[in-house]
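Chemist: My structure file structure.txt, compact mmCIF, C-alpha atoms (C1' of nucleotides), is below:
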# COMPACT_ATOMS: atom_id res chain seq x y z
CA MET A 1 235.54 148.66 9.67
CA ALA A 2 233.29 150.21 12.24
CA LEU A 3 235.28 153.19 13.50
CA GLU A 4 234.04 155.28 10.60
CA HIS A 5 230.50 154.41 11.48
CA ALA A 6 230.92 154.95 15.17
CA ILE A 7 232.19 158.42 14.30
CA LEU A 8 229.23 159.01 11.98
CA ILE A 9 226.85 158.10 14.80
CA SER A 10 228.63 160.42 17.15
CA LEU A 11 228.61 163.26 14.62
CA ALA A 12 224.94 162.61 13.84
CA GLU A 13 224.25 163.35 17.50
CA ARG A 14 226.40 166.49 17.49
CA SER A 15 229.12 168.02 15.29
CA ALA A 16 232.56 167.92 16.84
CA SER A 17 236.30 168.30 16.33
CA GLY A 18 238.64 165.32 16.31
CA TYR A 19 239.66 166.21 19.81
CA ASP A 20 236.05 166.33 20.99
CA LEU A 21 235.38 162.98 19.36
CA ALA A 22 238.38 161.46 21.08
CA ARG A 23 237.03 162.59 24.44
CA ARG A 24 233.53 161.45 23.60
CA PHE A 25 234.98 158.05 22.77
CA ASP A 26 236.75 158.01 26.10
CA ALA A 27 233.51 158.77 27.87
CA SER A 28 230.70 156.90 26.16
CA ILE A 29 230.96 155.10 22.82
CA GLY A 30 234.47 154.16 23.85
CA HIS A 31 233.03 151.70 26.35
CA PHE A 32 232.11 149.57 23.35
CA TRP A 33 234.59 150.73 20.74
CA ARG A 34 237.84 152.25 21.88
CA ALA A 35 239.79 154.59 19.61
CA SER A 36 242.86 156.77 20.07
CA HIS A 37 242.99 160.38 18.90
CA GLN A 38 245.60 159.50 16.29
CA GLN A 39 243.31 156.95 14.78
CA ILE A 40 240.36 159.30 14.85
CA TYR A 41 242.27 162.05 13.05
CA LYS A 42 243.37 159.64 10.34
CA VAL A 43 239.90 158.25 9.79
CA LEU A 44 238.36 161.72 9.80
CA ALA A 45 240.72 162.76 7.00
CA ARG A 46 239.60 159.80 4.93
CA MET A 47 235.96 160.45 5.70
CA GLU A 48 236.37 164.04 4.60
CA ALA A 49 237.91 162.86 1.32
CA ASP A 50 234.95 160.51 0.88
CA GLN A 51 232.65 163.44 1.69
CA TRP A 52 230.92 161.65 4.51
CA VAL A 53 231.76 164.65 6.68
CA SER A 54 232.61 168.28 6.01
CA ALA A 55 234.96 170.35 8.12
CA GLN A 56 234.94 173.96 9.17
CA VAL A 57 238.05 175.54 10.65
CA ILE A 58 237.31 177.73 13.65
CA PRO A 59 240.10 180.06 14.85
CA GLN A 60 240.18 180.35 18.61
CA GLY A 61 242.68 183.12 19.34
CA SER A 62 245.13 181.83 21.89
CA ARG A 63 244.17 178.15 21.54
CA PRO A 64 245.00 176.11 18.42
CA ASP A 65 242.49 176.26 15.59
CA LYS A 66 239.65 173.83 15.77
CA LYS A 67 238.39 171.75 12.85
CA VAL A 68 234.73 171.04 13.50
CA TYR A 69 233.31 168.15 11.52
CA GLU A 70 229.69 167.81 10.50
CA ILE A 71 228.00 164.80 8.95
CA THR A 72 226.93 165.33 5.32
CA ASP A 73 223.94 163.91 3.45
CA ALA A 74 226.21 161.30 1.93
CA GLY A 75 227.37 160.50 5.45
CA HIS A 76 223.79 159.99 6.61
CA GLU A 77 223.14 157.72 3.66
CA GLU A 78 226.22 155.66 4.39
CA LEU A 79 225.23 155.40 8.03
CA ALA A 80 221.71 154.22 7.15
CA ARG A 81 223.15 151.68 4.73
CA TRP A 82 225.57 150.33 7.30
CA LEU A 83 222.99 150.15 10.07
CA ALA A 84 220.78 147.95 7.90
CA VAL A 85 223.55 145.45 7.14
CA PRO A 86 223.42 142.47 9.55
CA THR A 87 226.21 142.56 12.11
CA PRO A 88 228.54 139.57 11.81
CA PRO A 89 228.92 137.47 14.98
CA GLU A 90 231.47 138.89 17.36
CA HIS A 91 234.35 136.93 18.77
CA VAL A 92 235.61 137.26 22.27
CA ARG A 93 239.29 138.04 22.55
CA SER A 94 240.31 137.71 26.12
CA GLU A 95 243.89 137.52 27.26
CA PHE A 96 242.67 136.87 30.77
CA THR A 97 240.80 133.76 29.69
CA VAL A 98 243.79 132.49 27.73
CA LYS A 99 245.87 132.83 30.89
CA LEU A 100 243.17 131.29 33.01
CA ARG A 101 243.35 128.17 30.88
CA ALA A 102 246.94 127.70 32.01
CA LEU A 103 246.31 128.44 35.67
CA HIS A 104 247.98 125.22 36.79
CA LEU A 105 251.33 126.57 35.56
CA LEU A 106 251.15 129.47 37.97
CA ASP A 107 251.39 129.95 41.73
CA ARG A 108 247.97 129.79 43.30
CA SER A 109 248.57 133.10 45.08
CA LEU A 110 249.31 134.86 41.80
CA VAL A 111 246.09 133.50 40.34
CA PHE A 112 244.12 134.86 43.28
CA GLU A 113 245.75 138.23 42.83
CA ALA A 114 244.98 138.29 39.14
CA VAL A 115 241.35 137.37 39.72
CA ALA A 116 241.01 139.97 42.45
CA ALA A 117 242.51 142.63 40.20
CA ARG A 118 240.14 141.76 37.43
CA ARG A 119 237.20 141.80 39.78
CA ALA A 120 238.20 145.26 40.94
CA GLU A 121 238.30 146.50 37.35
CA HIS A 122 234.83 145.15 36.75
CA GLU A 123 233.57 146.77 39.91
CA GLN A 124 235.07 150.11 39.02
CA ARG A 125 233.49 150.11 35.59
CA LEU A 126 230.20 148.93 36.99
CA LEU A 127 230.20 151.85 39.40
CA ALA A 128 230.92 154.28 36.58
CA TYR A 129 228.14 152.80 34.47
CA GLU A 130 225.65 152.92 37.28
CA GLU A 131 226.49 156.55 37.93
CA SER A 132 225.98 157.29 34.24
CA ALA A 133 222.65 155.49 34.30
CA GLN A 134 221.53 157.44 37.33
CA LYS A 135 222.66 160.71 35.79
CA PHE A 136 221.47 160.37 32.22
CA PHE A 137 218.54 157.98 32.53
CA PRO A 138 217.03 158.54 35.96
CA SER A 139 213.61 157.54 34.70
CA PRO A 140 214.03 154.75 32.10
CA ALA A 141 210.28 154.30 31.65
CA ASP A 142 209.94 157.52 29.72
CA LEU A 143 212.94 157.96 27.48
CA ALA A 144 213.00 159.93 24.26
CA ASP A 145 213.50 157.83 21.14
CA GLU A 146 217.12 158.89 20.63
CA GLN A 147 217.94 157.99 24.22
CA LEU A 148 216.74 154.43 23.95
CA GLY A 149 219.83 153.17 22.13
CA PRO A 150 222.37 154.73 24.49
CA TYR A 151 220.32 153.52 27.44
CA LEU A 152 220.21 149.91 26.23
CA ALA A 153 223.91 150.04 25.37
CA LEU A 154 224.64 151.15 28.90
CA ARG A 155 222.43 148.37 30.24
CA GLY A 156 224.57 145.96 28.25
CA GLY A 157 227.67 147.38 29.88
CA ILE A 158 226.16 147.01 33.34
CA ARG A 159 225.18 143.41 32.65
CA LEU A 160 228.65 142.65 31.32
CA GLU A 161 230.40 143.97 34.40
CA ARG A 162 228.03 142.24 36.80
CA ASN A 163 228.53 139.01 34.92
CA GLY A 164 232.29 139.53 35.04
CA ILE A 165 232.18 140.01 38.80
CA GLU A 166 230.12 136.87 39.28
CA TRP A 167 232.54 134.89 37.15
CA CYS A 168 235.50 136.15 39.18
CA ASP A 169 233.71 135.07 42.34
CA GLU A 170 233.01 131.66 40.88
CA ILE A 171 236.68 131.27 39.98
CA ALA A 172 237.79 132.30 43.46
CA HIS A 173 235.31 129.98 45.16
CA THR A 174 236.24 127.06 42.97
CA LEU A 175 239.91 127.58 43.77
CA GLU A 176 239.29 127.97 47.47
CA ALA A 177 237.38 124.72 47.57
CA ARG A 178 240.52 122.73 46.80
CA MET B 1 250.68 140.10 21.69
CA ALA B 2 248.93 137.06 23.03
CA LEU B 3 248.69 134.71 20.06
CA GLU B 4 252.25 133.57 20.68
CA HIS B 5 251.36 132.75 24.22
CA ALA B 6 248.10 131.08 23.40
CA ILE B 7 250.08 128.83 21.07
CA LEU B 8 252.64 128.16 23.78
CA ILE B 9 249.87 127.09 26.15
CA SER B 10 248.40 124.83 23.51
CA LEU B 11 251.79 123.30 22.71
CA ALA B 12 252.54 122.86 26.42
CA GLU B 13 249.48 120.61 26.57
CA ARG B 14 250.48 118.69 23.48
CA SER B 15 252.89 119.11 20.54
CA ALA B 16 251.16 119.82 17.26
CA SER B 17 251.51 120.98 13.68
CA GLY B 18 250.28 124.36 12.52
CA TYR B 19 247.28 122.64 11.03
CA ASP B 20 246.48 120.88 14.30
CA LEU B 21 246.81 124.14 16.19
CA ALA B 22 244.44 125.85 13.80
CA ARG B 23 241.83 123.18 14.46
CA ARG B 24 242.43 123.29 18.17
CA PHE B 25 241.87 127.02 18.03
CA ASP B 26 238.65 126.47 16.17
CA ALA B 27 237.47 124.06 18.83
CA SER B 28 238.57 125.35 22.22
CA ILE B 29 241.01 128.23 22.81
CA GLY B 30 239.47 129.88 19.78
CA HIS B 31 236.36 130.59 21.83
CA PHE B 32 238.43 133.21 23.61
CA TRP B 33 241.12 134.00 21.06
CA ARG B 34 240.38 133.39 17.42
CA ALA B 35 243.21 132.84 14.93
CA SER B 36 243.34 131.81 11.29
CA HIS B 37 245.72 129.18 10.03
CA GLN B 38 247.62 131.79 8.02
CA GLN B 39 248.28 133.78 11.12
CA ILE B 40 249.28 130.72 13.10
CA TYR B 41 251.83 129.67 10.47
CA LYS B 42 253.33 133.14 10.43
CA VAL B 43 253.61 133.34 14.20
CA LEU B 44 255.01 129.79 14.43
CA ALA B 45 257.79 130.76 12.04
CA ARG B 46 258.72 133.69 14.26
CA MET B 47 258.51 131.56 17.38
CA GLU B 48 260.82 129.02 15.84
CA ALA B 49 263.30 131.79 14.99
CA ASP B 50 263.06 132.95 18.62
CA GLN B 51 263.56 129.33 19.70
CA TRP B 52 260.41 129.21 21.77
CA VAL B 53 259.47 126.13 19.80
CA SER B 54 261.34 123.54 17.78
CA ALA B 55 259.99 121.79 14.70
CA GLN B 56 260.35 118.27 13.42
CA VAL B 57 259.33 117.43 9.88
CA ILE B 58 257.41 114.18 9.59
CA PRO B 59 256.94 112.68 6.13
CA GLN B 60 253.56 111.04 5.72
CA GLY B 61 253.72 109.23 2.38
CA SER B 62 250.69 110.23 0.41
CA ARG B 63 249.74 113.19 2.58
CA PRO B 64 251.80 116.39 2.70
CA ASP B 65 254.67 116.48 5.17
CA LYS B 66 253.84 117.55 8.68
CA LYS B 67 255.84 120.00 10.74
CA VAL B 68 255.26 119.11 14.36
CA TYR B 69 256.12 121.85 16.83
CA GLU B 70 257.22 121.27 20.38
CA ILE B 71 257.66 123.86 23.11
CA THR B 72 261.31 124.36 24.16
CA ASP B 73 262.74 125.22 27.57
CA ALA B 74 263.02 128.84 26.45
CA GLY B 75 259.37 128.62 25.43
CA HIS B 76 258.37 127.36 28.87
CA GLU B 77 260.33 130.18 30.47
CA GLU B 78 258.70 132.77 28.26
CA LEU B 79 255.29 131.31 29.04
CA ALA B 80 255.93 131.42 32.79
CA ARG B 81 257.16 134.99 32.51
CA TRP B 82 254.11 136.06 30.54
CA LEU B 83 251.65 134.30 32.83
CA ALA B 84 253.03 136.19 35.82
CA VAL B 85 252.66 139.61 34.15
CA PRO B 86 249.36 141.26 35.18
CA THR B 87 246.85 141.24 32.35
CA PRO B 88 245.91 144.76 31.23
CA PRO B 89 242.20 145.59 31.40
CA GLU B 90 240.34 144.41 28.36
CA HIS B 91 238.16 146.62 26.23
CA VAL B 92 234.93 145.54 24.69
CA ARG B 93 234.73 146.04 20.96
CA SER B 94 231.20 145.45 19.87
CA GLU B 95 229.85 146.52 16.52
CA PHE B 96 226.42 145.40 17.66
CA THR B 97 226.47 147.82 20.57
CA VAL B 98 227.65 150.66 18.37
CA LYS B 99 224.69 150.02 16.10
CA LEU B 100 222.34 149.63 19.03
CA ARG B 101 223.21 153.15 20.11
CA ALA B 102 221.76 154.42 16.86
CA LEU B 103 218.65 152.27 16.92
CA HIS B 104 216.37 155.27 16.45
CA LEU B 105 217.76 155.74 12.94
CA LEU B 106 216.53 152.32 11.89
CA ASP B 107 213.17 150.66 11.25
CA ARG B 108 211.89 149.00 14.37
CA SER B 109 211.34 145.72 12.53
CA LEU B 110 214.98 145.62 11.43
CA VAL B 111 216.07 146.17 15.01
CA PHE B 112 213.95 143.25 16.17
CA GLU B 113 215.44 141.05 13.49
CA ALA B 114 218.98 142.04 14.44
CA VAL B 115 218.35 141.35 18.12
CA ALA B 116 216.71 138.00 17.33
CA ALA B 117 219.66 137.02 15.13
CA ARG B 118 222.10 137.90 17.86
CA ARG B 119 220.09 136.03 20.43
CA ALA B 120 220.17 132.96 18.19
CA GLU B 121 223.96 133.18 17.91
CA HIS B 122 224.27 133.33 21.67
CA GLU B 123 221.96 130.38 22.06
CA GLN B 124 223.88 128.31 19.55
CA ARG B 125 227.18 128.96 21.25
CA LEU B 126 225.65 128.33 24.66
CA LEU B 127 224.44 124.96 23.48
CA ALA B 128 227.87 124.07 22.13
CA TYR B 129 229.52 125.13 25.41
CA GLU B 130 227.08 123.14 27.48
CA GLU B 131 227.71 120.08 25.39
CA SER B 132 231.45 120.54 25.87
CA ALA B 133 230.96 120.91 29.59
CA GLN B 134 228.90 117.75 29.74
CA LYS B 135 231.41 115.87 27.64
CA PHE B 136 234.71 117.00 29.12
CA PHE B 137 233.77 117.93 32.67
CA PRO B 138 230.86 115.69 33.65
CA SER B 139 231.89 115.81 37.29
CA PRO B 140 233.32 119.27 38.06
CA ALA B 141 233.81 118.51 41.72
CA ASP B 142 236.80 116.27 41.06
CA LEU B 143 238.84 117.75 38.26
CA ALA B 144 242.54 117.22 37.71
CA ASP B 145 244.69 120.31 38.21
CA GLU B 146 245.28 120.86 34.50
CA GLN B 147 241.58 120.66 33.81
CA LEU B 148 240.63 123.40 36.21
CA GLY B 149 241.69 126.24 33.89
CA PRO B 150 239.88 124.94 30.82
CA TYR B 151 236.82 124.23 32.95
CA LEU B 152 236.69 127.73 34.41
CA ALA B 153 237.29 129.23 30.98
CA LEU B 154 234.34 127.28 29.65
CA ARG B 155 232.26 128.44 32.59
CA GLY B 156 233.12 131.99 31.58
CA GLY B 157 231.90 131.28 28.07
CA ILE B 158 228.65 129.85 29.36
CA ARG B 159 228.07 132.86 31.57
CA LEU B 160 228.85 135.21 28.71
CA GLU B 161 226.33 133.61 26.40
CA ARG B 162 223.63 133.43 29.05
CA ASN B 163 224.22 137.06 29.85
CA GLY B 164 224.04 137.93 26.15
CA ILE B 165 220.72 136.14 25.81
CA GLU B 166 219.29 137.97 28.81
CA TRP B 167 220.43 141.27 27.39
CA CYS B 168 218.80 140.53 24.04
CA ASP B 169 215.58 139.71 25.87
CA GLU B 170 215.78 142.93 27.82
CA ILE B 171 216.24 144.89 24.60
CA ALA B 172 213.29 143.15 22.96
CA HIS B 173 211.03 143.69 25.97
CA THR B 174 211.99 147.31 26.28
CA LEU B 175 211.21 147.89 22.63
CA GLU B 176 207.93 146.00 22.81
CA ALA B 177 206.78 148.10 25.72
CA ARG B 178 206.60 151.21 23.52
C1' DG C 1 259.18 175.28 37.34
C1' DG C 2 256.26 171.23 36.15
C1' DG C 3 252.24 169.06 34.84
C1' DC C 4 247.81 169.07 32.73
C1' DG C 5 244.44 170.45 29.19
C1' DC C 6 243.66 172.05 24.58
C1' DA C 7 244.42 170.83 19.62
C1' DT C 8 246.38 168.60 15.61
C1' DG C 9 248.89 165.59 13.44
C1' DT C 10 253.15 162.13 11.23
C1' DA C 11 255.82 157.76 11.19
C1' DA C 12 256.89 153.19 12.02
C1' DA C 13 255.93 148.83 13.26
C1' DG C 14 253.04 145.20 14.46
C1' DC C 15 248.79 142.62 14.16
C1' DG C 16 244.94 140.63 11.56
C1' DT C 17 241.98 139.57 7.51
C1' DT C 18 241.22 138.24 2.87
C1' DA C 19 242.58 136.40 -1.28
C1' DC C 20 245.51 133.36 -3.69
C1' DA C 21 248.20 128.99 -4.38
C1' DT C 22 249.15 123.92 -4.54
C1' DG C 23 248.09 119.02 -4.57
C1' DA C 24 246.76 114.38 -3.04
C1' DT C 25 243.00 111.45 -0.87
C1' DT C 26 238.41 110.19 0.73
C1' DG C 27 233.46 110.08 0.57
C1' DC C 28 228.86 111.05 -1.73
C1' DG D 1 232.33 114.77 -10.96
C1' DC D 2 232.46 117.71 -6.61
C1' DA D 3 233.31 118.83 -2.09
C1' DA D 4 235.74 118.17 1.99
C1' DT D 5 239.95 117.04 4.63
C1' DC D 6 244.85 117.10 5.13
C1' DA D 7 248.86 120.28 5.01
C1' DT D 8 251.57 124.49 4.32
C1' DG D 9 252.31 128.64 3.03
C1' DT D 10 252.75 133.90 0.32
C1' DA D 11 251.03 138.58 -0.71
C1' DA D 12 248.44 142.54 -0.24
C1' DC D 13 246.03 145.40 2.34
C1' DG D 14 243.99 147.54 6.22
C1' DC D 15 243.57 148.37 11.07
C1' DT D 16 245.72 149.42 15.57
C1' DT D 17 249.23 150.69 18.70
C1' DT D 18 253.16 153.24 20.16
C1' DA D 19 256.30 156.71 19.75
C1' DC D 20 257.34 161.21 18.33
C1' DA D 21 256.28 166.24 17.46
C1' DT D 22 254.57 171.04 18.36
C1' DG D 23 253.00 174.94 21.14
C1' DC D 24 250.22 177.93 24.14
C1' DG D 25 247.71 178.81 28.63
C1' DC D 26 246.43 177.74 33.29
C1' DC D 27 247.06 176.22 37.93
C1' DC D 28 249.78 174.78 41.98
Starting from the coordinates I provided, produce the structure as structure tokens.
Modeler:
Amino acid sequence: MALEHAILISLAERSASGYDLARRFDASIGHFWRASHQQIYKVLARMEADQWVSAQVIPQGSRPDKKVYEITDAGHEELARWLAVPTPPEHVRSEFTVKLRALHLLDRSLVFEAVAARRAEHEQRLLAYEESAQKFFPSPADLADEQLGPYLALRGGIRLERNGIEWCDEIAHTLEAR
Amino acid sequence: MALEHAILISLAERSASGYDLARRFDASIGHFWRASHQQIYKVLARMEADQWVSAQVIPQGSRPDKKVYEITDAGHEELARWLAVPTPPEHVRSEFTVKLRALHLLDRSLVFEAVAARRAEHEQRLLAYEESAQKFFPSPADLADEQLGPYLALRGGIRLERNGIEWCDEIAHTLEAR
DNA sequence: GGGCGCATGTAAAGCGTTACATGATTGC
DNA sequence: GCAATCATGTAACGCTTTACATGCGCCC
């Protein structure tokens, strides 16, 4: 159950409304833990009941009211506790790889298309990551302490996409060679 | 909803009982799509109702009866249909990366431990994959058509673990340098 | 006039994990 | 005696996705 904790980390950086969090998830943490706004609202309600966060309603005139959440002391404690617990091994869950296993049941041309499409996705994300890196961490040698984590996370994303691209190329080459 | 289809692929290779499938998932497909036996039994029941598979009960004397499932024509059709549908982009879901983002909230020594533990997991899986590769695909240049998919899937696993190890090393080096 | 952004949710259904349940055989 | 392997499930719970719902303001 890590969505709670992902939200705590995000709120520890800066207080935010559910809507803000949803956008933040789209933009940054979401690269490693996706969450919809519906889910975020539900979890926030539970977290408020558990007093990990406290909310303040801010009227905004024409726009709908905003509920800005802030992490509480109890929330910080829970976050520290969770961070210290060893992370269980993660399992890959890849529909693409499942399909790949059965490639002989499919037209070769369709396989090429699928691999090309996946490669393009990797490339697009890689580009986005590299732009983020350039923008937020132009000088990685001298990062502030709080930036180190986000920087290394982004590095992981970049590695993942590059690796994905290389794998797609290997698949394509292997298929071409027959 | 890919478990159904992962099972169809497995049954297309060879008929099997739920128990067999569970072990097969532990050993091979499970590297890319984990499933518990409970889940497999539940899904098999639904697939039988949908007539994607048919079951034959085999008494075994002392041992409990076996229900061996076989893919039907409708199952093959469904599998072909599904294989041809473009795979939606996959999202990473990594608790480790979420934690990594908040590394500044944790003792440096705990971070090193966590990274070392993760590196060890990668290394262990890499070793297992490389043994599989050696054992099942000793001569990748001349593979049968049906082996190509499993081989390339395994290659993906090997790449993933190597990449994970390199990332762990990068994290450790970056942290040591400060 | 239509679509997008802001802002918050409810409801239903499906998917997945964990715990529980049974019972014989084989190996240490 | 104890654990593991074979073999199949049920039940409860929690997480996730998808669909539905509302309503104003801004821009083209």
Chemist: Show me, as JSON lines, the residues of chain B having an atom within 8 Å of chain A, each with the closest atom pair and its distance in Å, using only C-alpha atoms.
Modeler:
{"residue": "B:Ala2", "atom": "CA", "partner": "A:Glu95", "partner_atom": "CA", "distance": 6.6}
{"residue": "B:Ala6", "atom": "CA", "partner": "A:Val98", "partner_atom": "CA", "distance": 6.3}
{"residue": "B:Ile9", "atom": "CA", "partner": "A:Ala102", "partner_atom": "CA", "distance": 6.6}
{"residue": "B:Ile29", "atom": "CA", "partner": "A:Val98", "partner_atom": "CA", "distance": 7.1}
{"residue": "B:His31", "atom": "CA", "partner": "A:Val92", "partner_atom": "CA", "distance": 6.7}
{"residue": "B:Phe32", "atom": "CA", "partner": "A:Arg93", "partner_atom": "CA", "distance": 5.0}
{"residue": "B:Trp33", "atom": "CA", "partner": "A:Arg93", "partner_atom": "CA", "distance": 4.7}
{"residue": "B:Arg34", "atom": "CA", "partner": "A:Arg93", "partner_atom": "CA", "distance": 7.0}
{"residue": "B:Ala80", "atom": "CA", "partner": "A:Leu105", "partner_atom": "CA", "distance": 7.2}
{"residue": "B:Leu83", "atom": "CA", "partner": "A:Lys99", "partner_atom": "CA", "distance": 6.3}
{"residue": "B:Ala84", "atom": "CA", "partner": "A:Leu110", "partner_atom": "CA", "distance": 7.2}
{"residue": "B:Pro86", "atom": "CA", "partner": "A:Ala114", "partner_atom": "CA", "distance": 6.6}
{"residue": "B:Thr87", "atom": "CA", "partner": "A:Phe96", "partner_atom": "CA", "distance": 6.3}
{"residue": "B:Pro89", "atom": "CA", "partner": "A:Glu121", "partner_atom": "CA", "distance": 7.2}
{"residue": "B:Glu90", "atom": "CA", "partner": "A:Ser94", "partner_atom": "CA", "distance": 7.1}
{"residue": "B:His91", "atom": "CA", "partner": "A:Arg34", "partner_atom": "CA", "distance": 7.1}
{"residue": "B:Val92", "atom": "CA", "partner": "A:Phe32", "partner_atom": "CA", "distance": 5.1}
{"residue": "B:Arg93", "atom": "CA", "partner": "A:Trp33", "partner_atom": "CA", "distance": 4.7}
{"residue": "B:Ser94", "atom": "CA", "partner": "A:Phe32", "partner_atom": "CA", "distance": 5.5}
{"residue": "B:Glu95", "atom": "CA", "partner": "A:Ala2", "partner_atom": "CA", "distance": 6.6}
{"residue": "B:Phe96", "atom": "CA", "partner": "A:Thr87", "partner_atom": "CA", "distance": 6.2}
{"residue": "B:Thr97", "atom": "CA", "partner": "A:Ala153", "partner_atom": "CA", "distance": 5.9}
{"residue": "B:Val98", "atom": "CA", "partner": "A:Ala6", "partner_atom": "CA", "distance": 6.3}
{"residue": "B:Lys99", "atom": "CA", "partner": "A:Leu83", "partner_atom": "CA", "distance": 6.3}
{"residue": "B:Leu100", "atom": "CA", "partner": "A:Gly149", "partner_atom": "CA", "distance": 5.3}
{"residue": "B:Arg101", "atom": "CA", "partner": "A:Gly149", "partner_atom": "CA", "distance": 3.9}
{"residue": "B:Ala102", "atom": "CA", "partner": "A:Gly149", "partner_atom": "CA", "distance": 5.7}
{"residue": "B:Leu103", "atom": "CA", "partner": "A:Gly149", "partner_atom": "CA", "distance": 5.4}
{"residue": "B:His104", "atom": "CA", "partner": "A:Glu146", "partner_atom": "CA", "distance": 5.6}
{"residue": "B:Leu105", "atom": "CA", "partner": "A:Ala80", "partner_atom": "CA", "distance": 7.2}
{"residue": "B:Leu106", "atom": "CA", "partner": "A:Leu83", "partner_atom": "CA", "distance": 7.1}
{"residue": "B:Leu110", "atom": "CA", "partner": "A:Ala84", "partner_atom": "CA", "distance": 7.2}
{"residue": "B:Ala114", "atom": "CA", "partner": "A:Pro86", "partner_atom": "CA", "distance": 6.6}
{"residue": "B:Arg118", "atom": "CA", "partner": "A:Pro89", "partner_atom": "CA", "distance": 7.4}
{"residue": "B:Glu121", "atom": "CA", "partner": "A:Pro89", "partner_atom": "CA", "distance": 7.2}
{"residue": "B:Asp145", "atom": "CA", "partner": "A:His104", "partner_atom": "CA", "distance": 6.1}
{"residue": "B:Glu146", "atom": "CA", "partner": "A:His104", "partner_atom": "CA", "distance": 5.6}
{"residue": "B:Leu148", "atom": "CA", "partner": "A:His104", "partner_atom": "CA", "distance": 7.6}
{"residue": "B:Gly149", "atom": "CA", "partner": "A:Arg101", "partner_atom": "CA", "distance": 3.9}
{"residue": "B:Pro150", "atom": "CA", "partner": "A:Arg101", "partner_atom": "CA", "distance": 4.7}
{"residue": "B:Tyr151", "atom": "CA", "partner": "A:Arg101", "partner_atom": "CA", "distance": 7.9}
{"residue": "B:Leu152", "atom": "CA", "partner": "A:Ile171", "partner_atom": "CA", "distance": 6.6}
{"residue": "B:Ala153", "atom": "CA", "partner": "A:Thr97", "partner_atom": "CA", "distance": 5.9}
{"residue": "B:Arg155", "atom": "CA", "partner": "A:Trp167", "partner_atom": "CA", "distance": 7.9}
{"residue": "B:Gly156", "atom": "CA", "partner": "A:Trp167", "partner_atom": "CA", "distance": 6.3}
{"residue": "B:Arg159", "atom": "CA", "partner": "A:Asn163", "partner_atom": "CA", "distance": 7.0}
{"residue": "B:Leu160", "atom": "CA", "partner": "A:Asn163", "partner_atom": "CA", "distance": 7.3}
{"residue": "B:Asn163", "atom": "CA", "partner": "A:Asn163", "partner_atom": "CA", "distance": 6.9}
{"residue": "B:Trp167", "atom": "CA", "partner": "A:Gly156", "partner_atom": "CA", "distance": 6.3}
{"residue": "B:Ile171", "atom": "CA", "partner": "A:Leu152", "partner_atom": "CA", "distance": 6.6}
Chemist: Find the residues of chain D in contact range of chain B, meaning any atom within 9 Å when counting only C-alpha atoms (C1' of nucleotides), and list them as a PDB file with C-alpha atoms (C1' of nucleotides), in the frame of the given file.
Modeler:
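Below you can see out.pdb, which holds the result:
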ATOM      1  C1'  DC D   6     244.850 117.100   5.130  1.00  0.00           C
ATOM      2  C1'  DA D   7     248.860 120.280   5.010  1.00  0.00           C
ATOM      3  C1'  DT D   8     251.570 124.490   4.320  1.00  0.00           C
ATOM      4  C1'  DG D   9     252.310 128.640   3.030  1.00  0.00           C
TER       5       DG D   9
END
Chemist: Show me, as a short mmCIF file (atom, residue, chain, number, x, y, z; two decimals) with C-alpha atoms (C1' of nucleotides), in the coordinates of the input, every residue of chain C with an atom at most 10 Å from chain B, counting all atoms listed in the file.
Modeler:
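Contents of selection.cif, freshly written:
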data_model
loop_
_atom_site.label_atom_id
_atom_site.label_comp_id
_atom_site.auth_asym_id
_atom_site.auth_seq_id
_atom_site.Cartn_x
_atom_site.Cartn_y
_atom_site.Cartn_z
"C1'" DG C 14 253.04 145.20 14.46
"C1'" DC C 15 248.79 142.62 14.16
"C1'" DG C 16 244.94 140.63 11.56
"C1'" DT C 17 241.98 139.57 7.51
"C1'" DG C 23 248.09 119.02 -4.57
"C1'" DA C 24 246.76 114.38 -3.04
"C1'" DT C 25 243.00 111.45 -0.87
#
Chemist: In Å, rounded to a single decimal, give me how far atom CA of A:Arg24 is from atom CA of A:Tyr129.
Modeler: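 The value is 14.9 Å.
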Chemist: Report, in Å with one decimal, the straight-line distance from atom CA of A:Leu21 to atom CA of A:Ser132.
Modeler: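 Computed distance, atom CA of A:Leu21 to atom CA of A:Ser132, equals 18.5 Å.
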Chemist: Work out how far atom C1' of D:DC24 is from atom CA of A:Met47, in Å to one decimal.
Modeler: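 These atoms are spaced 29.1 Å apart.
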Chemist: Nearest to A:Ala116: which of A:Glu161, A:Asp169, A:Thr72, A:Ile40 is it, counting only C-alpha atoms?
Modeler: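 Result for the nearest residue to A:Ala116: A:Asp169.
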